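Printed here is data-v4.pdb (PDB, C-alpha atoms and all ligand atoms):
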MODEL        1
ATOM      1  CA  MET A 199     142.011  50.630  39.179  1.00  0.00           C
ATOM      2  CA  SER A 200     144.901  53.047  38.689  1.00  0.00           C
ATOM      3  CA  ASP A 201     146.122  55.756  41.062  1.00  0.00           C
ATOM      4  CA  ASN A 202     144.340  58.289  38.887  1.00  0.00           C
ATOM      5  CA  PRO A 203     140.750  58.477  40.154  1.00  0.00           C
ATOM      6  CA  PHE A 204     139.644  60.267  36.980  1.00  0.00           C
ATOM      7  CA  LEU A 205     140.251  57.110  34.944  1.00  0.00           C
ATOM      8  CA  ASN A 206     137.830  54.207  34.742  1.00  0.00           C
ATOM      9  CA  ASP A 207     138.870  50.544  34.741  1.00  0.00           C
ATOM     10  CA  HIS A 208     139.717  50.802  31.049  1.00  0.00           C
ATOM     11  CA  GLY A 209     142.083  53.724  31.570  1.00  0.00           C
ATOM     12  CA  TYR A 210     139.742  56.318  30.101  1.00  0.00           C
ATOM     13  CA  GLY A 211     138.613  59.494  31.811  1.00  0.00           C
ATOM     14  CA  PRO A 212     137.979  63.202  31.418  1.00  0.00           C
ATOM     15  CA  GLN A 213     140.977  65.334  30.421  1.00  0.00           C
ATOM     16  CA  SER A 214     139.547  68.846  30.205  1.00  0.00           C
ATOM     17  CA  ALA A 215     139.304  71.007  33.326  1.00  0.00           C
ATOM     18  CA  ALA A 216     135.528  71.392  32.931  1.00  0.00           C
ATOM     19  CA  ASP A 217     134.930  67.640  32.633  1.00  0.00           C
ATOM     20  CA  ARG A 218     137.265  66.888  35.542  1.00  0.00           C
ATOM     21  CA  ILE A 219     135.563  69.480  37.769  1.00  0.00           C
ATOM     22  CA  TYR A 220     132.274  67.754  36.987  1.00  0.00           C
ATOM     23  CA  ALA A 221     133.781  64.360  37.922  1.00  0.00           C
ATOM     24  CA  VAL A 222     135.124  65.702  41.256  1.00  0.00           C
ATOM     25  CA  GLU A 223     131.536  66.181  42.484  1.00  0.00           C
ATOM     26  CA  ARG A 224     131.260  62.406  42.901  1.00  0.00           C
ATOM     27  CA  PHE A 225     134.703  61.772  44.453  1.00  0.00           C
ATOM     28  CA  ASP A 226     135.057  60.652  48.054  1.00  0.00           C
ATOM     29  CA  LEU A 227     137.806  61.938  50.339  1.00  0.00           C
ATOM     30  CA  ASP A 228     140.403  59.327  49.273  1.00  0.00           C
ATOM     31  CA  GLU A 229     139.715  59.906  45.579  1.00  0.00           C
ATOM     32  CA  CYS A 230     140.045  63.687  46.043  1.00  0.00           C
ATOM     33  CA  ARG A 231     143.432  63.304  47.742  1.00  0.00           C
ATOM     34  CA  ALA A 232     144.682  60.868  45.078  1.00  0.00           C
ATOM     35  CA  ALA A 233     143.489  63.201  42.317  1.00  0.00           C
ATOM     36  CA  LEU A 234     145.717  66.012  43.637  1.00  0.00           C
ATOM     37  CA  ASP A 235     148.755  63.890  42.601  1.00  0.00           C
ATOM     38  CA  VAL A 236     147.608  63.425  39.010  1.00  0.00           C
ATOM     39  CA  PRO A 237     150.357  64.812  36.711  1.00  0.00           C
ATOM     40  CA  GLY A 238     149.400  67.905  34.742  1.00  0.00           C
ATOM     41  CA  LEU A 239     146.377  68.619  36.919  1.00  0.00           C
ATOM     42  CA  GLN A 240     144.773  71.962  36.010  1.00  0.00           C
ATOM     43  CA  LYS A 241     144.773  74.685  38.688  1.00  0.00           C
ATOM     44  CA  ALA A 242     140.999  75.060  38.528  1.00  0.00           C
ATOM     45  CA  VAL A 243     140.571  71.323  39.112  1.00  0.00           C
ATOM     46  CA  ALA A 244     142.994  71.431  42.071  1.00  0.00           C
ATOM     47  CA  ASN A 245     141.005  74.321  43.559  1.00  0.00           C
ATOM     48  CA  LYS A 246     137.816  72.317  43.155  1.00  0.00           C
ATOM     49  CA  LEU A 247     139.462  69.306  44.826  1.00  0.00           C
ATOM     50  CA  HIS A 248     140.611  71.387  47.813  1.00  0.00           C
ATOM     51  CA  SER A 249     137.131  72.838  48.171  1.00  0.00           C
ATOM     52  CA  ARG A 250     135.522  69.371  48.026  1.00  0.00           C
ATOM     53  CA  ILE A 251     138.038  67.995  50.568  1.00  0.00           C
ATOM     54  CA  ARG A 252     137.163  70.845  52.976  1.00  0.00           C
ATOM     55  CA  LYS A 253     133.451  70.139  52.480  1.00  0.00           C
ATOM     56  CA  LEU A 254     133.801  66.373  53.019  1.00  0.00           C
ATOM     57  CA  GLU A 255     135.968  66.872  56.114  1.00  0.00           C
ATOM     58  CA  TRP A 256     133.428  69.312  57.499  1.00  0.00           C
ATOM     59  CA  GLU A 257     130.576  66.871  56.841  1.00  0.00           C
ATOM     60  CA  ALA A 258     132.478  63.990  58.475  1.00  0.00           C
ATOM     61  CA  GLU A 259     132.802  66.086  61.621  1.00  0.00           C
ATOM     62  CA  ASN A 260     129.436  67.853  61.695  1.00  0.00           C
ATOM     63  CA  LEU A 261     126.900  65.578  60.046  1.00  0.00           C
ATOM     64  CA  ARG A 262     125.809  62.142  61.090  1.00  0.00           C
ATOM     65  CA  HIS A 263     123.213  59.805  59.698  1.00  0.00           C
ATOM     66  CA  THR A 264     120.848  57.987  62.026  1.00  0.00           C
ATOM     67  CA  GLU A 265     117.856  55.792  61.279  1.00  0.00           C
ATOM     68  CA  LEU A 266     115.707  58.890  61.850  1.00  0.00           C
ATOM     69  CA  GLY A 267     117.594  60.899  59.236  1.00  0.00           C
ATOM     70  CA  GLN A 268     120.458  63.349  59.072  1.00  0.00           C
ATOM     71  CA  GLU A 269     121.635  65.157  62.183  1.00  0.00           C
ATOM     72  CA  LEU A 270     123.703  68.341  62.250  1.00  0.00           C
ATOM     73  CA  ARG A 271     126.119  69.440  64.983  1.00  0.00           C
ATOM     74  CA  CYS A 272     125.349  72.855  66.461  1.00  0.00           C
ATOM     75  CA  THR A 273     128.395  75.154  66.390  1.00  0.00           C
ATOM     76  CA  LYS A 274     127.514  76.536  69.826  1.00  0.00           C
ATOM     77  CA  CYS A 275     126.368  73.671  72.060  1.00  0.00           C
ATOM     78  CA  ASN A 276     128.258  71.014  70.016  1.00  0.00           C
ATOM     79  CA  ASP A 277     125.298  68.639  70.245  1.00  0.00           C
ATOM     80  CA  PHE A 278     123.780  66.852  67.262  1.00  0.00           C
ATOM     81  CA  TRP A 279     120.170  67.760  66.410  1.00  0.00           C
ATOM     82  CA  PRO A 280     117.917  66.630  63.561  1.00  0.00           C
ATOM     83  CA  ASP A 281     118.803  68.695  60.488  1.00  0.00           C
ATOM     84  CA  ASP A 282     115.349  70.196  59.975  1.00  0.00           C
ATOM     85  CA  LYS A 283     113.256  73.311  60.619  1.00  0.00           C
ATOM     86  CA  GLU A 284     112.163  72.140  64.044  1.00  0.00           C
ATOM     87  CA  PHE A 285     115.715  72.471  65.392  1.00  0.00           C
ATOM     88  CA  TYR A 286     117.380  74.960  63.015  1.00  0.00           C
ATOM     89  CA  PHE A 287     116.168  78.113  61.297  1.00  0.00           C
ATOM     90  CA  GLN A 288     116.288  77.618  57.525  1.00  0.00           C
ATOM     91  CA  ALA A 289     117.594  79.930  54.821  1.00  0.00           C
ATOM     92  CA  GLY A 290     117.987  79.028  51.182  1.00  0.00           C
ATOM     93  CA  GLY A 291     116.841  75.498  51.985  1.00  0.00           C
ATOM     94  CA  ARG A 292     119.682  74.972  54.467  1.00  0.00           C
ATOM     95  CA  SER A 293     119.878  74.877  58.238  1.00  0.00           C
ATOM     96  CA  GLN A 294     121.407  77.953  59.855  1.00  0.00           C
ATOM     97  CA  GLN A 295     123.737  77.824  62.860  1.00  0.00           C
ATOM     98  CA  PRO A 296     123.390  77.811  65.789  1.00  0.00           C
ATOM     99  CA  CYS A 297     120.439  75.563  66.752  1.00  0.00           C
ATOM    100  CA  LYS A 298     117.192  77.284  67.781  1.00  0.00           C
ATOM    101  CA  ALA A 299     117.818  76.686  71.496  1.00  0.00           C
ATOM    102  CA  CYS A 300     121.255  78.348  71.293  1.00  0.00           C
ATOM    103  CA  TYR A 301     119.929  81.118  69.049  1.00  0.00           C
ATOM    104  CA  ALA A 302     117.415  82.112  71.725  1.00  0.00           C
ATOM    105  CA  LEU A 303     120.308  82.501  74.194  1.00  0.00           C
ATOM    106  CA  LEU A 304     122.504  84.705  71.963  1.00  0.00           C
ATOM    107  CA  PRO A 305     123.420  88.004  73.693  1.00  0.00           C
ATOM    108  CA  SER A 306     122.048  90.038  70.764  1.00  0.00           C
ATOM    109  CA  ARG A 307     118.794  88.108  70.937  1.00  0.00           C
ATOM    110  CA  ALA A 308     118.547  88.503  74.734  1.00  0.00           C
ATOM    111  CA  ALA A 309     119.175  92.254  74.419  1.00  0.00           C
ATOM    112  CA  ARG A 310     116.441  92.620  71.808  1.00  0.00           C
ATOM    113  CA  LYS A 311     113.987  90.719  74.003  1.00  0.00           C
ATOM    114  CA  ALA A 312     114.908  92.866  77.006  1.00  0.00           C
ATOM    115  CA  GLY A 313     114.416  95.988  74.880  1.00  0.00           C
ATOM    116  CA  ALA A 314     111.020  94.808  73.687  1.00  0.00           C
ATOM    117  CA  ALA A 315     109.955  94.014  77.258  1.00  0.00           C
ATOM    118  CA  ALA A 316     111.100  97.455  78.444  1.00  0.00           C
ATOM    119  CA  ARG A 317     109.080  99.214  75.730  1.00  0.00           C
ATOM    120  CA  VAL A 318     105.939  97.347  76.800  1.00  0.00           C
ATOM    121  CA  GLN A 319     106.258  98.620  80.392  1.00  0.00           C
ATOM    122  CA  PRO A 320     104.337 101.874  81.055  1.00  0.00           C
TER     123      PRO A 320
HETATM  124 ZN    ZN B 401     122.998  74.584  70.009  1.00  0.00          ZN
ENDMDL
END
Reformat the file's structure so that it appears as structure tokens.
Amino acid sequence: MSDNPFLNDHGYGPQSAADRIYAVERFDLDECRAALDVPGLQKAVANKLHSRIRKLEWEAENLRHTELGQELRCTKCNDFWPDDKEFYFQAGGRSQQPCKACYALLPSRAARKAGAAARVQP
């Protein structure tokens, strides 16, 4: 293996920006960081690497894998909950923050509930 994560064991690898951007999708954090030092790296590829590094760092901090499946950290209560529709509202196939328990306690949500209750009163 060389220091250039784009190259395979035989020293061959993608050279064009488009092909390298495609390759970055499979890089882990160490490979992404090493790739930033590749001489003559295209700006678009560097941007893609920075974006993937941010994503991987976020996942390392906010996702964890248990024997029951993937769990996601809630941005509000900081607890990990199963990453599914029972614990998080879904949009576009992805869990939305915060978790359902925290969502119910949001001030905007509480105000709406209070408003609805007031309207029901005679
Ligand atoms: Zn929460």
### Query
Got a sec: who's within 7 Å of range 216-229 of chain A, counting all atoms listed in the file, leaving out chain neighbours fewer than 5 positions off, as a list of chain:residue names?
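The neighbour list is A:Pro203, A:Val243, A:Lys246, A:Leu247, A:Ile251, A:Leu254.
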### Distance filter 9 Å around ligand ZN 401 (chain B), atoms: all atoms listed in the file, out as a ChimeraX atom specification
/A:271-279,285-286,295-301
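CA of Ser293 in chain A is positioned 6.7 Å from CA of Asp281 in chain A.
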### Picked residues, the PyMOL selection byres (((chain A and resi 268) around 12) and not hetatm), expected as a ChimeraX atom specification
/A:257,260-267,269-271,278-282,293
### Summary
Taken to one decimal, the CA of Asp201 in chain A-CA of Gln213 in chain A distance is 15.2 Å
### Query
Quick one, how far is CA of Asp207 in chain A from CA of Arg250 in chain A?
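Answer for the CA of Asp207 in chain A to CA of Arg250 in chain A separation: 23.3 Å.
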### Task
Just the residues within 8 Å of Phe204 in chain A, please, counting all atoms listed in the file, with nothing from its chain fewer than 2 positions along; format it as a PyMOL selection string.
chain A and resi 202+206+210-212+218+221+233
For range 223-252 of chain A, supply N, CA and C atoms and report the output as a CSV table (one decimal), in the frame of the given file.
chain,number,residue,atom,x,y,z
A,223,GLU,N,132.8,66.1,41.7
A,223,GLU,CA,131.5,66.2,42.5
A,223,GLU,C,131.2,64.8,43.1
A,224,ARG,N,131.6,63.7,42.4
A,224,ARG,CA,131.3,62.4,42.9
A,224,ARG,C,132.4,61.7,43.6
A,225,PHE,N,133.6,62.4,43.8
A,225,PHE,CA,134.7,61.8,44.5
A,225,PHE,C,134.5,61.7,46.0
A,226,ASP,N,135.0,60.7,46.6
A,226,ASP,CA,135.1,60.7,48.1
A,226,ASP,C,136.4,61.2,48.5
A,227,LEU,N,136.6,61.3,49.8
A,227,LEU,CA,137.8,61.9,50.3
A,227,LEU,C,139.1,61.3,49.8
A,228,ASP,N,139.2,60.0,49.8
A,228,ASP,CA,140.4,59.3,49.3
A,228,ASP,C,140.6,59.6,47.8
A,229,GLU,N,139.6,59.6,47.0
A,229,GLU,CA,139.7,59.9,45.6
A,229,GLU,C,140.2,61.3,45.4
A,230,CYS,N,139.6,62.3,46.2
A,230,CYS,CA,140.0,63.7,46.0
A,230,CYS,C,141.5,63.8,46.3
A,231,ARG,N,142.0,63.2,47.4
A,231,ARG,CA,143.4,63.3,47.7
A,231,ARG,C,144.3,62.7,46.7
A,232,ALA,N,143.9,61.5,46.1
A,232,ALA,CA,144.7,60.9,45.1
A,232,ALA,C,144.7,61.7,43.8
A,233,ALA,N,143.6,62.4,43.5
A,233,ALA,CA,143.5,63.2,42.3
A,233,ALA,C,144.5,64.4,42.3
A,234,LEU,N,144.8,64.9,43.5
A,234,LEU,CA,145.7,66.0,43.6
A,234,LEU,C,147.1,65.6,43.1
A,235,ASP,N,147.4,64.3,43.1
A,235,ASP,CA,148.8,63.9,42.6
A,235,ASP,C,148.8,63.6,41.1
A,236,VAL,N,147.6,63.7,40.5
A,236,VAL,CA,147.6,63.4,39.0
A,236,VAL,C,148.5,64.4,38.3
A,237,PRO,N,149.4,63.9,37.4
A,237,PRO,CA,150.4,64.8,36.7
A,237,PRO,C,149.6,65.7,35.8
A,238,GLY,N,150.0,67.0,35.7
A,238,GLY,CA,149.4,67.9,34.7
A,238,GLY,C,148.0,68.4,35.2
A,239,LEU,N,147.7,68.2,36.4
A,239,LEU,CA,146.4,68.6,36.9
A,239,LEU,C,146.2,70.1,36.8
A,240,GLN,N,145.1,70.5,36.2
A,240,GLN,CA,144.8,72.0,36.0
A,240,GLN,C,144.5,72.6,37.4
A,241,LYS,N,144.9,73.9,37.4
A,241,LYS,CA,144.8,74.7,38.7
A,241,LYS,C,143.3,74.8,39.1
A,242,ALA,N,142.4,75.0,38.2
A,242,ALA,CA,141.0,75.1,38.5
A,242,ALA,C,140.5,73.7,39.1
A,243,VAL,N,141.0,72.6,38.6
A,243,VAL,CA,140.6,71.3,39.1
A,243,VAL,C,141.1,71.1,40.5
A,244,ALA,N,142.4,71.5,40.7
A,244,ALA,CA,143.0,71.4,42.1
A,244,ALA,C,142.2,72.3,43.1
A,245,ASN,N,141.8,73.5,42.7
A,245,ASN,CA,141.0,74.3,43.6
A,245,ASN,C,139.7,73.6,43.9
A,246,LYS,N,139.1,73.0,42.9
A,246,LYS,CA,137.8,72.3,43.2
A,246,LYS,C,138.0,71.1,44.1
A,247,LEU,N,139.1,70.4,43.9
A,247,LEU,CA,139.5,69.3,44.8
A,247,LEU,C,139.7,69.8,46.3
A,248,HIS,N,140.4,70.9,46.5
A,248,HIS,CA,140.6,71.4,47.8
A,248,HIS,C,139.3,71.8,48.4
A,249,SER,N,138.4,72.4,47.7
A,249,SER,CA,137.1,72.8,48.2
A,249,SER,C,136.3,71.6,48.6
A,250,ARG,N,136.3,70.6,47.7
A,250,ARG,CA,135.5,69.4,48.0
A,250,ARG,C,136.1,68.7,49.3
A,251,ILE,N,137.4,68.6,49.4
A,251,ILE,CA,138.0,68.0,50.6
A,251,ILE,C,137.6,68.7,51.8
A,252,ARG,N,137.6,70.1,51.8
A,252,ARG,CA,137.2,70.8,53.0
A,252,ARG,C,135.7,70.5,53.3
